[in-house]
Structures are given as C-alpha cells and as structure tokens.
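Containing TSV, C-alpha atoms: target00.tsv.
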chain	number	residue	atom	x	y	z
A	1	MET	CA	57.20	48.57	9.53
A	2	ARG	CA	56.54	52.31	9.40
A	3	VAL	CA	54.53	53.73	12.26
A	4	ILE	CA	53.08	57.13	13.09
A	5	ILE	CA	53.16	58.34	16.68
A	6	GLY	CA	50.28	60.72	17.29
A	7	MET	CA	50.76	63.03	20.24
A	8	ASP	CA	48.39	65.24	22.19
A	9	PRO	CA	50.83	67.50	24.09
A	10	HIS	CA	50.35	69.55	27.23
A	11	LYS	CA	52.77	71.55	29.33
A	12	ARG	CA	53.42	68.78	31.85
A	13	SER	CA	52.23	65.66	30.05
A	14	ALA	CA	51.92	64.09	26.61
A	15	THR	CA	49.57	61.32	25.47
A	16	ILE	CA	50.71	59.25	22.49
A	17	GLU	CA	49.21	56.58	20.26
A	18	ILE	CA	51.26	54.53	17.81
A	19	ILE	CA	49.55	53.23	14.67
A	20	ASP	CA	50.78	51.43	11.59
A	21	LYS	CA	50.01	52.26	7.95
A	22	SER	CA	46.68	50.41	8.14
A	23	ALA	CA	45.63	52.54	11.17
A	24	THR	CA	45.93	49.61	13.56
A	25	VAL	CA	46.68	50.80	17.09
A	26	LEU	CA	49.92	49.27	18.32
A	27	THR	CA	50.32	50.93	21.70
A	28	THR	CA	49.26	53.97	23.71
A	29	GLY	CA	50.61	55.79	26.74
A	30	ARG	CA	50.60	58.94	28.81
A	31	TYR	CA	53.92	60.37	29.96
A	32	SER	CA	55.10	63.38	31.88
A	33	THR	CA	57.27	65.88	30.04
A	34	ASP	CA	60.04	65.96	32.64
A	35	ALA	CA	63.31	64.17	31.96
A	36	ALA	CA	62.15	60.82	33.35
A	37	GLY	CA	58.80	60.81	31.55
A	38	TYR	CA	60.35	61.93	28.28
A	39	GLY	CA	62.90	59.12	28.52
A	40	GLU	CA	60.14	56.55	29.06
A	41	MET	CA	58.26	57.86	26.06
A	42	MET	CA	61.37	57.61	23.87
A	43	THR	CA	61.95	54.04	25.06
A	44	ALA	CA	58.42	53.09	24.01
A	45	ALA	CA	58.87	54.73	20.61
A	46	GLN	CA	62.27	53.19	19.90
A	47	GLN	CA	60.68	49.77	19.60
A	48	PHE	CA	59.72	50.93	16.10
A	49	PRO	CA	62.83	52.05	14.17
A	50	ASP	CA	60.85	53.41	11.19
A	51	ARG	CA	58.76	56.09	12.92
A	52	VAL	CA	57.34	59.54	12.41
A	53	TRP	CA	56.04	61.77	15.21
A	54	ALA	CA	52.83	63.70	14.56
A	55	VAL	CA	52.45	66.47	17.14
A	56	GLU	CA	49.42	68.73	17.45
A	57	GLY	CA	50.11	72.45	17.71
A	58	CYS	CA	53.87	72.63	17.10
A	59	ASN	CA	53.64	76.43	17.08
A	60	GLY	CA	51.80	76.45	20.39
A	61	VAL	CA	51.70	74.16	23.40
A	62	GLY	CA	53.42	71.36	21.50
A	63	ARG	CA	56.48	73.41	20.57
A	64	HIS	CA	58.62	72.41	23.54
A	65	VAL	CA	58.12	68.68	22.99
A	66	ALA	CA	58.51	68.93	19.21
A	67	HIS	CA	61.83	70.75	19.49
A	68	ARG	CA	63.14	68.22	22.01
A	69	LEU	CA	62.30	65.42	19.61
A	70	ILE	CA	63.98	67.20	16.69
A	71	ASN	CA	67.11	67.82	18.75
A	72	ASP	CA	67.20	64.06	19.39
A	73	GLY	CA	67.14	63.35	15.66
A	74	GLU	CA	63.46	62.46	15.36
A	75	THR	CA	61.19	63.30	12.42
A	76	VAL	CA	58.27	65.50	13.50
A	77	ILE	CA	55.32	66.77	11.48
A	78	ASP	CA	52.87	69.43	12.61
A	79	VAL	CA	49.18	68.54	12.74
A	80	PRO	CA	46.91	71.62	12.92
A	81	ALA	CA	44.35	71.49	15.73
A	82	LYS	CA	41.48	72.16	13.29
A	83	LEU	CA	42.46	69.16	11.19
A	84	SER	CA	42.65	66.79	14.15
A	85	ALA	CA	39.30	68.14	15.43
A	86	GLN	CA	37.64	67.27	12.11
A	87	VAL	CA	39.16	63.79	12.18
A	88	ARG	CA	37.98	63.34	15.76
A	89	VAL	CA	34.37	64.04	14.82
A	90	PHE	CA	34.45	61.62	11.87
A	91	ALA	CA	36.35	58.93	13.81
A	92	THR	CA	34.18	58.96	16.95
A	93	GLY	CA	30.86	60.16	15.57
A	94	ASN	CA	30.70	62.93	18.15
A	95	GLY	CA	32.76	65.76	19.55
A	96	ARG	CA	33.86	63.92	22.69
A	97	LYS	CA	37.33	65.08	23.61
A	98	THR	CA	39.84	63.23	25.77
A	99	ASP	CA	43.61	62.98	25.59
A	100	PRO	CA	43.63	59.41	24.15
A	101	VAL	CA	40.96	60.38	21.58
A	102	ASP	CA	42.97	63.46	20.63
A	103	ALA	CA	46.15	61.42	20.19
A	104	HIS	CA	44.25	58.95	18.00
A	105	SER	CA	42.84	61.80	15.88
A	106	VAL	CA	46.28	63.35	15.45
A	107	ALA	CA	47.75	60.02	14.31
A	108	LEU	CA	44.92	59.45	11.81
A	109	ALA	CA	45.24	62.99	10.45
A	110	ALA	CA	48.96	62.48	9.88
A	111	LEU	CA	48.34	59.12	8.19
A	112	ARG	CA	45.77	60.43	5.72
A	113	SER	CA	47.02	63.97	5.02
A	114	PRO	CA	49.86	64.03	2.49
A	115	ASN	CA	50.98	67.66	2.75
A	116	LEU	CA	51.56	68.27	6.44
A	117	ARG	CA	54.54	70.41	7.35
A	118	ARG	CA	57.69	68.84	8.68
A	119	VAL	CA	58.94	70.81	11.68
A	120	GLN	CA	62.45	72.26	11.44
A	121	ALA	CA	64.15	73.65	14.53
A	122	ASP	CA	66.46	76.23	12.95
A	123	PRO	CA	68.05	78.09	15.91
A	124	GLU	CA	68.15	81.38	13.97
A	125	VAL	CA	64.47	81.15	13.09
A	126	VAL	CA	63.56	80.20	16.67
A	127	ALA	CA	65.49	83.21	17.95
A	128	LEU	CA	63.68	85.47	15.47
A	129	GLY	CA	60.34	84.09	16.62
A	130	LEU	CA	61.12	84.66	20.29
A	131	LEU	CA	62.30	88.22	19.70
A	132	VAL	CA	59.42	89.23	17.44
A	133	ASP	CA	56.94	87.84	19.97
A	134	ARG	CA	58.62	90.00	22.59
A	135	ARG	CA	58.44	92.99	20.24
A	136	ASP	CA	54.71	92.44	19.81
A	137	GLU	CA	54.28	92.26	23.58
A	138	LEU	CA	56.07	95.59	23.93
A	139	GLY	CA	53.76	97.10	21.33
A	140	ARG	CA	50.69	95.94	23.22
A	141	ALA	CA	52.12	97.21	26.49
A	142	ARG	CA	52.77	100.62	24.94
A	143	THR	CA	49.21	100.84	23.66
A	144	GLU	CA	47.83	99.95	27.09
A	145	LEU	CA	50.03	102.55	28.81
A	146	LEU	CA	49.04	105.26	26.34
A	147	ASN	CA	45.35	104.49	26.85
A	148	ARG	CA	45.70	104.85	30.61
A	149	ILE	CA	47.71	108.07	30.25
A	150	HIS	CA	45.08	109.49	27.89
A	151	ARG	CA	42.29	108.67	30.31
A	152	LEU	CA	44.00	110.34	33.29
A	153	LEU	CA	45.13	113.39	31.31
A	154	THR	CA	41.60	113.88	30.04
A	155	GLU	CA	40.52	114.24	33.65
A	156	LEU	CA	43.37	116.62	34.46
A	157	VAL	CA	43.58	118.79	31.32
A	158	PRO	CA	40.50	120.65	30.03
A	159	GLY	CA	39.69	119.46	26.53
A	160	GLY	CA	41.85	116.36	26.87
A	161	THR	CA	44.88	115.57	24.73
A	162	LYS	CA	45.65	114.72	21.13
A	163	ARG	CA	45.31	111.17	19.91
A	164	PHE	CA	48.98	110.28	19.46
A	165	LEU	CA	51.31	111.20	22.31
A	166	SER	CA	54.98	110.54	22.85
A	167	ALA	CA	56.37	110.12	26.36
A	168	MET	CA	58.04	113.53	26.13
A	169	GLN	CA	54.84	115.25	25.00
A	170	ALA	CA	52.87	113.59	27.78
A	171	ARG	CA	55.43	114.73	30.38
A	172	VAL	CA	55.37	118.33	29.09
A	173	LEU	CA	51.59	118.30	29.30
A	174	ALA	CA	51.62	116.83	32.82
A	175	ASP	CA	54.05	119.53	33.98
A	176	THR	CA	51.42	122.17	33.16
A	177	VAL	CA	48.90	120.64	35.58
A	178	THR	CA	48.45	122.17	39.04
A	179	PRO	CA	46.38	119.75	41.15
A	180	ALA	CA	43.64	121.41	43.13
A	181	ASP	CA	42.46	118.51	45.30
A	182	PRO	CA	43.68	115.12	46.61
A	183	ALA	CA	42.11	113.24	43.69
A	184	ALA	CA	43.91	115.44	41.15
A	185	ARG	CA	47.21	114.94	43.00
A	186	VAL	CA	46.82	111.16	42.85
A	187	ARG	CA	45.92	111.31	39.14
A	188	LEU	CA	49.00	113.43	38.42
A	189	ARG	CA	51.25	111.05	40.34
A	190	LEU	CA	49.84	108.06	38.47
A	191	VAL	CA	50.31	109.83	35.14
A	192	LEU	CA	53.97	110.52	35.92
A	193	GLU	CA	54.52	106.88	36.93
A	194	LEU	CA	52.89	105.68	33.72
A	195	ILE	CA	55.05	108.06	31.68
A	196	ASP	CA	58.13	106.56	33.35
A	197	ASP	CA	56.89	103.10	32.36
A	198	LEU	CA	56.25	104.32	28.82
A	199	GLU	CA	59.81	105.59	28.49
A	200	VAL	CA	61.13	102.19	29.60
A	201	VAL	CA	58.93	100.41	27.04
A	202	ASP	CA	60.07	102.83	24.30
A	203	ARG	CA	63.74	102.13	25.07
A	204	ARG	CA	63.17	98.39	25.01
A	205	THR	CA	61.19	98.64	21.77
A	206	LYS	CA	63.97	100.60	20.11
A	207	ALA	CA	66.55	98.03	21.26
A	208	ALA	CA	64.35	95.16	20.05
A	209	ASP	CA	63.95	96.76	16.60
A	210	LYS	CA	67.69	97.22	16.33
A	211	GLU	CA	68.38	93.60	17.24
A	212	LEU	CA	65.67	92.29	14.89
A	213	LYS	CA	67.02	94.38	12.02
A	214	GLN	CA	70.50	92.94	12.48
A	215	LEU	CA	69.22	89.36	12.67
A	216	VAL	CA	67.14	89.81	9.51
A	217	LEU	CA	70.12	91.25	7.63
A	218	ASP	CA	72.41	88.48	8.92
A	219	ARG	CA	70.01	85.94	7.46
A	220	GLY	CA	70.43	87.53	4.04
A	221	SER	CA	66.83	88.71	3.76
A	222	THR	CA	65.92	91.71	1.62
A	223	LEU	CA	62.33	91.96	2.85
A	224	MET	CA	63.02	95.32	4.50
A	225	ASP	CA	63.75	96.76	1.07
A	226	LEU	CA	60.04	96.45	0.29
A	227	PRO	CA	57.98	99.57	1.17
A	228	GLY	CA	55.94	98.99	4.31
A	229	ILE	CA	58.02	96.20	5.88
A	230	GLY	CA	60.18	97.04	8.87
A	231	PRO	CA	62.34	94.88	11.13
A	232	SER	CA	59.38	93.51	13.08
A	233	GLY	CA	57.39	92.64	9.95
A	234	ALA	CA	60.36	91.00	8.23
A	235	ALA	CA	61.19	88.98	11.33
A	236	ARG	CA	57.57	87.83	11.65
A	237	LEU	CA	57.54	86.68	8.02
A	238	LEU	CA	60.79	84.75	8.43
A	239	ALA	CA	59.86	83.22	11.79
A	240	ASP	CA	56.35	82.06	10.90
A	241	THR	CA	57.12	80.98	7.33
A	242	GLU	CA	60.32	79.12	8.34
A	243	ASP	CA	60.95	77.53	4.93
A	244	VAL	CA	59.19	79.27	2.05
A	245	HIS	CA	59.73	76.22	-0.17
A	246	ARG	CA	57.07	74.37	1.80
A	247	PHE	CA	54.55	76.39	-0.22
A	248	ALA	CA	54.25	74.94	-3.71
A	249	SER	CA	53.10	78.25	-5.16
A	250	ARG	CA	52.29	81.82	-4.29
A	251	ASP	CA	48.61	80.86	-4.27
A	252	ARG	CA	49.19	78.42	-1.44
A	253	PHE	CA	51.16	81.07	0.42
A	254	ALA	CA	48.24	83.48	0.03
A	255	SER	CA	45.80	80.83	1.25
A	256	TRP	CA	48.02	80.24	4.30
A	257	ASN	CA	48.24	83.92	5.23
A	258	GLY	CA	44.53	84.61	4.69
A	259	THR	CA	44.78	87.11	1.83
A	260	ALA	CA	43.22	84.69	-0.67
A	261	PRO	CA	39.44	85.25	-0.95
A	262	LEU	CA	37.21	82.21	-0.69
A	263	ASP	CA	35.12	81.04	-3.62
A	264	ALA	CA	31.45	81.45	-2.64
A	265	SER	CA	29.91	80.86	-6.08
A	266	SER	CA	26.57	79.12	-6.50
A	267	GLY	CA	25.07	78.17	-9.84
A	268	GLN	CA	25.39	81.05	-12.27
A	269	GLN	CA	26.33	83.49	-9.53
A	270	GLN	CA	30.10	83.87	-9.39
A	271	ARG	CA	31.45	85.65	-6.32
A	272	HIS	CA	34.14	85.49	-3.64
A	273	ARG	CA	34.14	86.43	0.01
A	274	LEU	CA	36.72	87.51	2.54
A	275	SER	CA	38.76	84.78	4.20
A	276	ARG	CA	39.13	85.14	7.94
A	277	ALA	CA	41.27	82.02	8.19
A	278	GLY	CA	45.02	81.71	7.84
A	279	ASN	CA	47.91	83.12	9.84
A	280	ARG	CA	46.53	86.38	11.22
A	281	LYS	CA	49.94	87.68	12.29
A	282	ILE	CA	51.23	87.46	8.74
A	283	ASN	CA	47.97	88.91	7.49
A	284	ARG	CA	48.52	91.89	9.78
A	285	VAL	CA	52.04	92.40	8.39
A	286	LEU	CA	50.62	92.49	4.86
A	287	HIS	CA	47.84	94.86	5.97
A	288	ILE	CA	50.37	97.29	7.44
A	289	MET	CA	52.42	96.99	4.25
A	290	ALA	CA	49.35	97.86	2.18
A	291	ILE	CA	48.42	100.87	4.33
A	292	VAL	CA	51.96	102.27	4.17
A	293	GLN	CA	52.05	101.90	0.38
A	294	LEU	CA	48.68	103.62	0.07
A	295	ARG	CA	49.99	106.64	1.96
A	296	HIS	CA	52.81	107.21	-0.50
A	297	GLN	CA	53.25	107.30	-4.25
A	298	THR	CA	54.23	103.68	-4.71
A	299	ALA	CA	53.42	100.92	-7.17
A	300	GLY	CA	50.92	99.69	-4.61
A	301	ARG	CA	49.10	103.01	-4.77
A	302	VAL	CA	48.98	102.81	-8.56
A	303	TYR	CA	47.55	99.28	-8.36
A	304	TYR	CA	44.94	100.40	-5.80
A	305	ASP	CA	43.91	103.39	-7.93
A	306	GLY	CA	43.51	101.07	-10.92
A	307	LYS	CA	41.17	98.82	-8.95
A	308	ARG	CA	39.15	101.83	-7.80
A	309	ALA	CA	38.87	103.06	-11.39
A	310	ALA	CA	37.60	99.59	-12.37
A	311	GLY	CA	34.66	99.97	-9.98
A	312	LYS	CA	35.99	98.30	-6.82
A	313	THR	CA	35.09	99.79	-3.46
A	314	SER	CA	37.85	101.08	-1.24
A	315	MET	CA	37.75	97.95	0.92
A	316	GLU	CA	37.71	95.62	-2.07
A	317	ALA	CA	40.66	97.44	-3.66
A	318	THR	CA	42.61	97.23	-0.40
A	319	ARG	CA	41.97	93.49	-0.17
A	320	ALA	CA	43.09	93.04	-3.78
A	321	LEU	CA	46.26	94.99	-2.98
A	322	LYS	CA	46.98	92.77	0.02
A	323	ARG	CA	46.56	89.72	-2.19
A	324	ARG	CA	49.04	91.12	-4.72
A	325	LEU	CA	51.48	92.11	-1.97
A	326	SER	CA	51.38	88.51	-0.77
A	327	ASN	CA	52.78	87.58	-4.20
A	328	VAL	CA	55.47	90.25	-3.86
A	329	VAL	CA	56.56	88.96	-0.46
A	330	TYR	CA	56.50	85.34	-1.65
A	331	ASN	CA	58.64	86.10	-4.69
A	332	ARG	CA	61.12	88.05	-2.61
A	333	MET	CA	61.43	85.29	0.00
A	334	VAL	CA	61.90	82.64	-2.69
A	335	ALA	CA	64.62	84.75	-4.32
A	336	ASP	CA	66.36	85.28	-0.98
A	337	GLN	CA	66.19	81.56	-0.23
A	338	HIS	CA	67.74	80.67	-3.59
A	339	ARG	CA	70.57	83.13	-2.97
A	340	ARG	CA	71.26	81.50	0.39
A	341	ASP	CA	71.15	78.04	-1.17
A	342	ALA	CA	73.48	79.10	-3.99
A	343	ALA	CA	75.94	80.61	-1.52
A	344	GLY	CA	76.42	77.28	0.26
A	345	PRO	CA	77.24	73.75	-0.90
A	346	GLY	CA	74.64	72.21	-3.17
A	347	GLY	CA	73.14	75.57	-4.16
A	348	HIS	CA	70.24	75.75	-6.55
A	349	SER	CA	69.70	77.87	-9.60
A	350	GLY	CA	67.94	81.21	-9.39
A	351	THR	CA	64.23	81.89	-9.77
A	352	THR	CA	61.95	84.66	-10.85
A	353	THR	CA	62.64	87.73	-8.74
A	354	ASP	CA	59.76	89.93	-9.89
A	355	SER	CA	58.84	92.12	-6.93
A	356	SER	CA	56.60	94.62	-8.66
A	357	VAL	CA	53.18	95.05	-7.17
A	358	THR	CA	51.53	94.99	-10.58
A	359	GLY	CA	53.80	92.26	-11.93
A	360	PRO	CA	53.18	90.25	-15.10
A	361	THR	CA	49.57	89.59	-16.00
A	362	PRO	CA	48.69	86.08	-14.78
A	363	HIS	CA	46.37	83.71	-16.62
A	364	THR	CA	43.92	83.98	-13.70
A	365	ASP	CA	43.68	87.18	-11.69
A	366	PRO	CA	45.01	86.22	-8.23
A	367	SER	CA	42.69	88.81	-6.70
A	368	ASP	CA	39.71	86.81	-7.98
A	369	LYS	CA	40.72	83.14	-8.10
A	370	PRO	CA	43.66	82.56	-5.78
A	371	GLN	CA	42.88	79.22	-4.25
A	372	PRO	CA	45.02	76.18	-5.08
A	373	GLY	CA	43.42	73.05	-6.44
A	374	PRO	CA	42.01	70.31	-4.23
A	375	THR	CA	44.38	68.09	-2.30
A	376	SER	CA	44.20	64.38	-2.79
A	377	THR	CA	43.73	62.18	0.27
A	378	GLN	CA	46.10	59.27	0.63
A	379	PRO	CA	48.36	57.65	3.22
A	380	ASN	CA	51.38	59.73	4.12
A	381	ALA	CA	53.87	57.33	2.60
A	382	GLY	CA	56.41	59.90	1.47
A	383	LEU	CA	57.51	61.08	4.90
A	384	ARG	CA	61.12	60.90	5.82
A	385	THR	CA	61.67	59.04	9.04
A	386	ALA	CA	64.07	59.18	11.88
A	387	PRO	CA	67.22	57.15	11.52

What is this file in structure tokens?
Amino acid sequence: MRVIIGMDPHKRSATIEIIDKSATVLTTGRYSTDAAGYGEMMTAAQQFPDRVWAVEGCNGVGRHVAHRLINDGETVIDVPAKLSAQVRVFATGNGRKTDPVDAHSVALAALRSPNLRRVQADPEVVALGLLVDRRDELGRARTELLNRIHRLLTELVPGGTKRFLSAMQARVLADTVTPADPAARVRLRLVLELIDDLEVVDRRTKAADKELKQLVLDRGSTLMDLPGIGPSGAARLLADTEDVHRFASRDRFASWNGTAPLDASSGQQQRHRLSRAGNRKINRVLHIMAIVQLRHQTAGRVYYDGKRAAGKTSMEATRALKRRLSNVVYNRMVADQHRRDAAGPGGHSGTTTDSSVTGPTPHTDPSDKPQPGPTSTQPNAGLRTAP
C-alpha cells in the first residue's frame, strides 16, 4: 500500500504524519533531527515499503532533512509553504497552526497535487547554490560598507563624494583629509578601517566570480554567452532551476520566475497586471539581463524600442522584454540540457535552440497571455517511490 509521509521540518526536530491514498492517517510522530532521532523516524517509515516523503520548504529549513533522505535512497517531493497553508485552512476551517496540523496539511497537499517537484540532490548543483548564496552575501556586504563609507566621507569632505566609489578611490579621497578635531580623527580612522574591509570583500568577490565561472563552464552551460548574464546570474539560474525539464513549457518557467503577467480581466475589459509572485532571485537575474541589454545595441534593445513604438510605456516595455528574455533563457537551458544528455549514455535528441530575443512569432503573444492552463486536481498516483 502506497503511503505519503508529510513532514513539517525544523532545525532540531521534524513532525511527520503518514497517510494512505484515501487520506487515512496511519501514524504520526515527532522526532529530533540528530542521528538517534533520524534513525527512529526512518524505522517508523520503513514499516511501509511503498512510500513517498513530502517535505515542506526543501529550499529552506527543510533542505537538510530532505537531502539526508535522498542520500539514503528515499523519494522526496517538495511541498511549497503557500500550498500547505491553503490546505491547512480548508482542512481545519481556520488558520490554527501547530506542527501536527502542518504535517497533516503537507501530506494532503502532496496527495492531491499532481505536479509537485521531486527533489534531486545533485552535488554540483548544491555546490553552485552554496557558492552563489555566498556571492550574494558578499554583494550585500559591499553595499553596506560603501554606504557607511559614503556617510563618513560626506562628513569629512566638503560637498561629499560621487555615488560609485571603488576602494582605491575612497582611499585616495581619505588621504586628502586633515582632521581638525577629535571627532574628525575618529571618522577618518573608521573610514580607513571600512576601506580595508571593502578591499577584503572585493578580493573575495573576485575569487567567488572566478570559481562560479569555472563551475558553470564545467557543467556545460552556455548561459554566460547571453548578453547580461555573468557567472553569478548563470549559477543562480542553474542552482535554483536544478532540472529545466521539470517545466513543461517556457510559459510555466515564466510563471515560476514571476515574469508572466497575471490575467486580471473582467467582463469585456481585458487586461493583465504585474506578478509579484515567483522566484524573486531568478526574477532579479532577468531584470539585470534586461537592463544590460537596454544599455547596448542588442536584440533586446530592438525589441524594447518596438514595444515603445507600439504605445507601451517604458515600464511596460521593460516588463515585456523580461518576459521574452525568460523564453531566451529557457530555450538556452533546454538546449544545454539536451547536449549534456546526448553526451552521456541514453542521450536524447536535440531541441529548438532559438535564443533570439524577438524569436519566431508565437500564436499568442507571451507578453500578453503567458500563463499555462489550469492544473487538474487528482491523487498523486504517478510518483516514483523509494525502493
């Protein structure tokens, strides 16, 4: 008998509920995530040979437990927190939230949602994710340091400083300051210390970009050939997407990354509005890609100018460009994946490799109607299970 094991994970504990295909609760339990508690949880689960684990937040707090299960040969699917929250409200009639209720909601969501993502623990992809997260942290640290340097230099240098400063420029400017009082001397000392910190962050950022670039190339990706995508952007796309084939079409990919506008039509009024959902990190990569293409004479700039000539506002044209660039990235990732598959045993045939921003004219303009069709609701009977 197939069972689904819903899990509400935390850093030091995990609450599970095991249900069968008719949603009958078979057993529940709360276990610690140390070696002893994890072993007890596995013993409870192994009573049911045909099992699937449904873990909430496999890209967040549930990642450590999900990867341990995968390494032990278990089948794990990712249940988004928003989906389990909706199920919780319908199942309980209120928003009451406890660990057992959460585990029950996760199990029900996995049972009734047919298209949930199966988690794959590819070591290369995990490494990319860790490194690109670190690269983002360095970027935020650099911005914070520059803001503090700007503030102190504004108090030391009449008229302040320019908006964008390198560590060398900031040091040259600080060397021109002659402190006249104890407060100025302390400000100057703090500025010099912050500049030292900025130089360290810049060196680490440069090293991280170099390592990310090599890892992306080793994976056979050609994303960096696209204008506006650097090592960090390519690594973020590969790490968060994991397997591009999990998206049935480029429309679903656009819906996932938040570039697909939402249909807000009512009656005879046909209109769309901006989607603020989706993976915001990927959305940011596509936004940077769009801005870079707009600053140069690229196909993206031509597409943008065409939208402006058709009466779109600057913001609307930029959003349409991001939506089209989502198609470009999707096509390129699919082509790269097919090349990797063809290079190994059991390779597949090629696919369309169109990477033009304008591309062929689709039957429905993806800038206007990008959303995939409705998903049917049925028991998740097609899941592969652990041996």

Using all atoms listed in the file, find each residue in region 204-236 of chain A having at least one atom no more than 12 Å away from region 298-312 of chain A; report its shortest atom-to-atom pair and that distance in Å (one decimal), rows by chain then rising number, as CSV.
residue,atom,partner,partner_atom,distance
A:Leu226,CA,A:Thr298,CA,10.5
A:Pro227,CA,A:Thr298,CA,8.1
A:Gly228,CA,A:Gly300,CA,10.3

>> From the options A:Val132, A:Val216, A:Ala54, A:Leu116, which residue's atoms come nearest to Asp102 (chain A), counting only C-alpha atoms?
In response: A:Ala54

> Which residues, protein or nucleic acid, reach to within 9 Å of (50.0, 67.7, 4.6) in the file's coordinates when using only C-alpha atoms, and can you give that as a PyMOL selection string?
Replying inline: chain A and resi 77-79+109-110+112-118+375+380

>> For a quick check of understanding, using all atoms listed in the file, which of A:Lys97, A:Arg246, A:His104, A:Lys21 has the smallest distance to Gln337 (chain A)?
In response: A:Arg246

> Can you tell me, as a VMD selection string, what residues are no more than 7 Å from Tyr31 (chain A) when counting only C-alpha atoms, ignoring any on the same chain fewer than 3 positions away?
Replying inline: chain A and resid 13 to 15 37 to 38 41

> Which value, in Å to one decimal, gives the distance between CA of Pro179 (chain A) and CA of Leu146 (chain A)?
Replying inline: 20.9 Å

> Near Leu215 (chain A), within 10 Å and counting only C-alpha atoms, which residues show up once chain neighbours fewer than 6 positions away are dropped, as a ChimeraX atom specification?
Replying inline: /A:124-125,127-128,131,209,221,231,235

>> Please list as a VMD selection string every residue within 10 Å of His10 (chain A), counting all atoms listed in the file and excluding residues in the same chain fewer than 2 positions away.
In response: chain A and resid 7 to 8 12 to 15 32 to 33 56 to 57 60 to 65 99

> With only C-alpha atoms as the atoms that count, which of A:Glu155, A:Asp218, A:Asp34, A:Asp196 lies nearest to Ala167 (chain A)?
Replying inline: A:Asp196

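CA of Ser326 (chain A) is found 10.0 Å from CA of Val285 (chain A).
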